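Novice: Just dropping this structure here.
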Amino acid sequence: MGGIVTEPRSAATAAVLVLQGAETRSGTNRIWAQLARTLADLGAVVLRLDYPGRGDSDPQPDVRAAYAATRPSVREAVAWFGERAGGLELMLIGTCYGGRVALDLAADLAGEKPRLRAVGLVTPHLRTPPSTVARAAQVVFGPSVRAVRKVALRSSRTYTSIRDRVLSPRDPAAERMVAAAAQSAPVWILVGDQDAAAREAFWFASQRSVNGRLSVETVPSTRLHAAGEPMVREEVLARVVSWARQQLDERTRV
């Protein structure tokens with residue numbers, strides 16, 4: 001795997017792993033490189049990785065094989081990072097697909113070293129690909145249901161039930177992953193209110209399984225996913241840095 005470690009000028013107080021979405025470790029317009037340098041200025045040592053088959057990692061012609069290799073490869077990289085970070089507590093920051101990788105990793109690290117300090121998720125992808133039946137239902141019934149909703153079911157529980165059960169069912173595995181991560185460390189989710197992940201984020205936060213250790217931060221009238229526009233990237237960067245600074249400050253006080 002290709003990767004890069006960004007170090008602070010003085011002794012590090014925490015270790016951070018940044019897990020991007022379906023992109024290289026630098027992110028759009030180097031947003032994650034900027035994040036790593038900012039966190040290093042705050043005293044963290046930061047690791048960013050290219051997933052198998054991407055960026056500087058060895059080629060993986062088979063996409064499915066590359067995805068299958070991601071979790072064990074990241075776990076191995078974290079073990080390498082933990083040894084060289086001197087046992088520092090680890091913070092995870094994952095965006096989109098990287099949010100799912102972060103939750104998988106949080107489960108792997110439960111009760112192990114490096115100790116998990118906090119998990120930050122930016123517009124995480126918390127759904128599995130829909131089944132063949134669900135895809136067929138989306139094609140056949142989706143347009144009709146949305147049209148009816150506009151006319152008569154705008155705030156109807158009937159529409160919500162159809163959407164959640166047929167058109168866009170929630171992934172029960174994702175709820176278990178979020179709850180398991182929240183058992184090990186505080187979990188923070190950042191979404192725009194126009195992001196697809198917003199509905200799931202608030203639903204997770206309402207579940208008893210997270211025991212109040214999940215917080216959701218929302219940017220109004222915005223879609224943060226992919227951070228394509230400059231203003232959106234600045235918003236994402238500022239809010240992630242603010243959350244990380246709080247976590248690092250708490251670590252320093254401890």
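Chain lettering (A, B, ...) mirrors the order of the structure tokens, residue numbering begins at 1 for each chain separately, and ligand numbering begins at 1 in order of display.
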List every residue of segment 34-97 of chain A that DSSP, applied to the backbone of this structure, places in strand (DSSP E or B), and write the result as a list in words.
Specialist: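 Assigned to strand (DSSP E or B), within segment 34-97 of chain A: Ala44, Val45, Val46, Leu47, Arg48, Leu49, Leu90, Met91, Leu92, Ile93, Gly94 and Thr95 of chain A.
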Novice: Please list as a PDB file with N, CA and C atoms, in the first residue's frame every residue within 12 Å of segment 203-212 of chain A, counting only C-alpha atoms and excluding residues in the same chain fewer than 5 positions away.
Specialist:
ATOM      1  N   LEU A 126     -23.221   4.225   4.592  1.00  0.00           N
ATOM      2  CA  LEU A 126     -23.621   3.222   5.569  1.00  0.00           C
ATOM      3  C   LEU A 126     -24.707   2.301   5.027  1.00  0.00           C
ATOM      4  N   ASP A 164     -38.295   3.203   3.313  1.00  0.00           N
ATOM      5  CA  ASP A 164     -37.340   2.512   4.168  1.00  0.00           C
ATOM      6  C   ASP A 164     -37.379   0.992   4.005  1.00  0.00           C
ATOM      7  N   ARG A 170     -32.816   0.387   5.134  1.00  0.00           N
ATOM      8  CA  ARG A 170     -31.637   0.604   5.962  1.00  0.00           C
ATOM      9  C   ARG A 170     -30.843  -0.696   6.091  1.00  0.00           C
ATOM     10  N   ASP A 171     -29.567  -0.519   6.319  1.00  0.00           N
ATOM     11  CA  ASP A 171     -28.669  -1.661   6.450  1.00  0.00           C
ATOM     12  C   ASP A 171     -28.526  -1.989   7.933  1.00  0.00           C
ATOM     13  N   PRO A 172     -29.096  -3.098   8.407  1.00  0.00           N
ATOM     14  CA  PRO A 172     -28.998  -3.423   9.837  1.00  0.00           C
ATOM     15  C   PRO A 172     -27.552  -3.620  10.286  1.00  0.00           C
ATOM     16  N   ALA A 173     -26.682  -4.046   9.373  1.00  0.00           N
ATOM     17  CA  ALA A 173     -25.278  -4.226   9.745  1.00  0.00           C
ATOM     18  C   ALA A 173     -24.644  -2.890  10.095  1.00  0.00           C
ATOM     19  N   ALA A 174     -25.049  -1.820   9.415  1.00  0.00           N
ATOM     20  CA  ALA A 174     -24.475  -0.507   9.683  1.00  0.00           C
ATOM     21  C   ALA A 174     -24.830  -0.039  11.091  1.00  0.00           C
ATOM     22  N   GLU A 175     -26.065  -0.283  11.515  1.00  0.00           N
ATOM     23  CA  GLU A 175     -26.456   0.095  12.880  1.00  0.00           C
ATOM     24  C   GLU A 175     -25.584  -0.624  13.903  1.00  0.00           C
ATOM     25  N   ARG A 176     -25.349  -1.906  13.676  1.00  0.00           N
ATOM     26  CA  ARG A 176     -24.511  -2.667  14.605  1.00  0.00           C
ATOM     27  C   ARG A 176     -23.084  -2.139  14.602  1.00  0.00           C
ATOM     28  N   MET A 177     -22.586  -1.735  13.435  1.00  0.00           N
ATOM     29  CA  MET A 177     -21.222  -1.219  13.347  1.00  0.00           C
ATOM     30  C   MET A 177     -21.083   0.097  14.101  1.00  0.00           C
ATOM     31  N   VAL A 178     -22.066   0.986  13.931  1.00  0.00           N
ATOM     32  CA  VAL A 178     -22.022   2.268  14.638  1.00  0.00           C
ATOM     33  C   VAL A 178     -22.125   2.048  16.141  1.00  0.00           C
ATOM     34  N   ALA A 179     -23.037   1.171  16.555  1.00  0.00           N
ATOM     35  CA  ALA A 179     -23.201   0.891  17.980  1.00  0.00           C
ATOM     36  C   ALA A 179     -21.931   0.286  18.573  1.00  0.00           C
ATOM     37  N   ALA A 180     -21.295  -0.623  17.837  1.00  0.00           N
ATOM     38  CA  ALA A 180     -20.068  -1.245  18.336  1.00  0.00           C
ATOM     39  C   ALA A 180     -18.951  -0.227  18.461  1.00  0.00           C
ATOM     40  N   ALA A 181     -18.830   0.671  17.487  1.00  0.00           N
ATOM     41  CA  ALA A 181     -17.799   1.707  17.565  1.00  0.00           C
ATOM     42  C   ALA A 181     -18.051   2.629  18.749  1.00  0.00           C
ATOM     43  N   ALA A 182     -19.332   2.960  18.987  1.00  0.00           N
ATOM     44  CA  ALA A 182     -19.678   3.852  20.089  1.00  0.00           C
ATOM     45  C   ALA A 182     -19.388   3.223  21.449  1.00  0.00           C
ATOM     46  N   GLN A 183     -19.329   1.891  21.502  1.00  0.00           N
ATOM     47  CA  GLN A 183     -18.956   1.231  22.745  1.00  0.00           C
ATOM     48  C   GLN A 183     -17.489   1.449  23.071  1.00  0.00           C
ATOM     49  N   SER A 184     -16.671   1.617  22.030  1.00  0.00           N
ATOM     50  CA  SER A 184     -15.228   1.750  22.221  1.00  0.00           C
ATOM     51  C   SER A 184     -14.776   3.198  22.362  1.00  0.00           C
ATOM     52  N   ALA A 185     -15.468   4.122  21.663  1.00  0.00           N
ATOM     53  CA  ALA A 185     -15.024   5.522  21.643  1.00  0.00           C
ATOM     54  C   ALA A 185     -16.166   6.407  21.169  1.00  0.00           C
ATOM     55  N   PRO A 186     -16.108   7.708  21.467  1.00  0.00           N
ATOM     56  CA  PRO A 186     -17.139   8.616  20.957  1.00  0.00           C
ATOM     57  C   PRO A 186     -17.110   8.639  19.425  1.00  0.00           C
ATOM     58  N   VAL A 187     -18.297   8.675  18.835  1.00  0.00           N
ATOM     59  CA  VAL A 187     -18.437   8.708  17.374  1.00  0.00           C
ATOM     60  C   VAL A 187     -19.118  10.020  16.984  1.00  0.00           C
ATOM     61  N   TRP A 188     -18.550  10.688  16.003  1.00  0.00           N
ATOM     62  CA  TRP A 188     -19.081  11.963  15.504  1.00  0.00           C
ATOM     63  C   TRP A 188     -19.326  11.838  14.018  1.00  0.00           C
ATOM     64  N   ILE A 189     -20.507  12.274  13.554  1.00  0.00           N
ATOM     65  CA  ILE A 189     -20.836  12.223  12.132  1.00  0.00           C
ATOM     66  C   ILE A 189     -21.123  13.632  11.636  1.00  0.00           C
ATOM     67  N   ALA A 197     -26.648  10.576   3.526  1.00  0.00           N
ATOM     68  CA  ALA A 197     -26.265  10.002   4.824  1.00  0.00           C
ATOM     69  C   ALA A 197     -26.947  10.681   6.000  1.00  0.00           C
ATOM     70  N   ALA A 198     -27.575  11.844   5.771  1.00  0.00           N
ATOM     71  CA  ALA A 198     -28.154  12.599   6.887  1.00  0.00           C
ATOM     72  C   ALA A 198     -29.258  11.811   7.583  1.00  0.00           C
ATOM     73  N   GLU A 217     -23.424  16.311  13.554  1.00  0.00           N
ATOM     74  CA  GLU A 217     -23.314  17.730  13.233  1.00  0.00           C
ATOM     75  C   GLU A 217     -23.779  17.936  11.795  1.00  0.00           C
TER      76      GLU A 217
END
Novice: Please measure the separation of atom CA of Ala15 of chain A and atom CA of Asp41 of chain A, giving the value in Å to one decimal.
Specialist: 12.6 Å
Novice: Which residues, written as a list in words, have at least one atom at most 12 Å from Gln246 of chain A, with only C-alpha atoms counted and residues fewer than 4 positions away on the same chain left out?
Specialist: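 The residues satisfying every condition are Leu39, Leu42, Met91, Arg117, Ala118, Gly120, Trp188, Arg239, Val240, Val241, Ser242, Glu250, Arg251, Thr252 and Arg253 of chain A.
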Novice: Restricting it to C-alpha atoms, dump the selection as a JSON list (two decimals), in the first residue's frame.
Specialist:
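Listed below is the output, again_22.json:
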[["chain", "number", "residue", "atom", "x", "y", "z"],
["A", 39, "LEU", "CA", -3.57, 18.10, 12.50],
["A", 42, "LEU", "CA", -1.98, 20.57, 16.45],
["A", 91, "MET", "CA", -8.28, 8.68, 16.13],
["A", 117, "ARG", "CA", -9.64, 7.54, 21.02],
["A", 118, "ALA", "CA", -12.45, 8.79, 18.76],
["A", 120, "GLY", "CA", -15.10, 10.94, 13.03],
["A", 188, "TRP", "CA", -19.08, 11.96, 15.50],
["A", 239, "ARG", "CA", -15.46, 21.41, 10.87],
["A", 240, "VAL", "CA", -13.28, 18.30, 10.89],
["A", 241, "VAL", "CA", -10.35, 20.32, 12.26],
["A", 242, "SER", "CA", -12.61, 21.84, 14.95],
["A", 250, "GLU", "CA", -9.24, 16.54, 25.75],
["A", 251, "ARG", "CA", -6.39, 14.08, 25.30],
["A", 252, "THR", "CA", -3.91, 16.70, 26.48],
["A", 253, "ARG", "CA", -5.99, 17.44, 29.60]]
